[in-house]
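Inspection log for the structure reproduced underneath, given as structure tokens.
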Amino acid sequence: MELITNSLNGVVYLIGLIGILVIVLGVGQGFYMFLIKKTFWQIRLVLVKHILLGLDFLIARDIIETVILKTDKALWLDLAALVLIIIIRVVFSYFTSKEMEQIEGEHGLKKL
């Protein structure tokens, strides 16, 4: 059982690193686009898409960590916090997606 828990802890850590790496790569790509004089809206679209993808990985990490690895008395409190985080993320994603569609339409940007 300890081997499985240690393995899952490693997987959780790796998923978190991937999420952070995706966000950092988006910032790097956005900065590069800034240096080569891309428009504000093109840079913003790249950043938002990377942030949303990175958040997906971080939410997956939180779900695994909370549901599978937590076995103490505070599980219900952790689950409530997780549900709140997921709701905030879904609302953020919905409105950001709508804004991205609007920006792409108004500024004639192709889907990245």
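Identifiers in the structure tokens: chain A, B, ... in order shown; residue index from 1 per chain; ligand index from 1 in order shown.
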
Can you list, as an mmCIF file with N, CA and C atoms, in the first residue's frame, every protein, DNA or RNA residue that comes within 6 Å of stretch 49-53 of chain A when you count only C-alpha atoms, leaving out same-chain residues fewer than 2 positions away?
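And here is the file that came out, part_3.cif:
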```
data_model
loop_
_atom_site.group_PDB
_atom_site.id
_atom_site.type_symbol
_atom_site.label_atom_id
_atom_site.label_comp_id
_atom_site.auth_asym_id
_atom_site.auth_seq_id
_atom_site.Cartn_x
_atom_site.Cartn_y
_atom_site.Cartn_z
ATOM 1 N N ILE A 23 2.202 26.660 -18.262
ATOM 2 C CA ILE A 23 1.984 28.095 -18.017
ATOM 3 C C ILE A 23 3.268 28.877 -18.268
ATOM 4 N N GLY A 26 3.901 29.227 -21.911
ATOM 5 C CA GLY A 26 3.013 30.234 -22.476
ATOM 6 C C GLY A 26 3.527 31.642 -22.235
ATOM 7 N N VAL A 46 -2.526 33.691 -26.786
ATOM 8 C CA VAL A 46 -1.548 32.648 -26.475
ATOM 9 C C VAL A 46 -1.438 32.446 -24.966
ATOM 10 N N LEU A 47 -1.348 33.541 -24.226
ATOM 11 C CA LEU A 47 -1.230 33.448 -22.775
ATOM 12 C C LEU A 47 -2.455 32.791 -22.147
ATOM 13 N N LEU A 55 -4.037 25.203 -16.001
ATOM 14 C CA LEU A 55 -5.011 25.032 -14.921
ATOM 15 C C LEU A 55 -5.700 23.670 -14.986
ATOM 16 N N ASP A 56 -5.935 23.167 -16.188
ATOM 17 C CA ASP A 56 -6.512 21.824 -16.310
ATOM 18 C C ASP A 56 -5.616 20.782 -15.641
#
```

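Every protein, DNA or RNA residue with an atom at most 12 Å from A:Ile86, where only C-alpha atoms count and chain neighbours fewer than 4 positions away do not, is listed here: Leu55, Asp56, Phe57, Leu58, Ile59, Ala60, Arg61, Asp62, Ile63, Leu79, Ala80, Ala81, Leu82, Val90, Val91, Phe92 and Ser93 of chain A.
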
Length of the atom CA of A:Leu3 to atom CA of A:Ile15 vector [Å]: 18.3 Å

Which residues are close to A:Val12, i.e. within 8 Å by only C-alpha atoms, leaving aside same-chain residues fewer than 2 positions away? Reply as a JSON list (two decimals) with N, CA and C atoms, in the first residue's frame.
```json
[["chain", "number", "residue", "atom", "x", "y", "z"],
["A", 8, "LEU", "N", 1.63, 7.27, -6.41],
["A", 8, "LEU", "CA", 0.63, 8.30, -6.69],
["A", 8, "LEU", "C", 1.12, 9.69, -6.32],
["A", 9, "ASN", "N", 1.88, 9.79, -5.24],
["A", 9, "ASN", "CA", 2.47, 11.08, -4.88],
["A", 9, "ASN", "C", 3.41, 11.56, -5.98],
["A", 10, "GLY", "N", 4.17, 10.64, -6.55],
["A", 10, "GLY", "CA", 5.05, 10.99, -7.67],
["A", 10, "GLY", "C", 4.28, 11.44, -8.89],
["A", 14, "LEU", "N", 4.32, 15.11, -10.65],
["A", 14, "LEU", "CA", 4.62, 15.24, -12.08],
["A", 14, "LEU", "C", 3.52, 16.01, -12.81],
["A", 15, "ILE", "N", 2.27, 15.71, -12.50],
["A", 15, "ILE", "CA", 1.16, 16.42, -13.14],
["A", 15, "ILE", "C", 1.20, 17.90, -12.78],
["A", 16, "GLY", "N", 1.52, 18.21, -11.53],
["A", 16, "GLY", "CA", 1.65, 19.61, -11.12],
["A", 16, "GLY", "C", 2.78, 20.31, -11.86],
["A", 61, "ARG", "N", -4.40, 17.44, -10.80],
["A", 61, "ARG", "CA", -3.53, 17.15, -9.66],
["A", 61, "ARG", "C", -4.29, 17.27, -8.35],
["A", 64, "ILE", "N", -6.78, 14.28, -7.87],
["A", 64, "ILE", "CA", -6.10, 13.05, -7.46],
["A", 64, "ILE", "C", -5.63, 13.16, -6.02],
["A", 65, "GLU", "N", -5.04, 14.28, -5.70],
["A", 65, "GLU", "CA", -4.50, 14.47, -4.36],
["A", 65, "GLU", "C", -5.60, 14.45, -3.29]]
```

Residue neighbourhood A:Arg44, 12 Å, only C-alpha atoms, exclusion window fewer than 3 positions, as a PyMOL selection string: chain A and resi 26-27+29-31+33-34+38-41+47-51+96+99-100+103-104+109+112

Shortest interatomic distance to A:His107 - which of A:Leu45, A:Leu77, A:Leu84, A:Leu35, counting only C-alpha atoms: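 For A:His107, the nearest of the given residues is A:Leu45.
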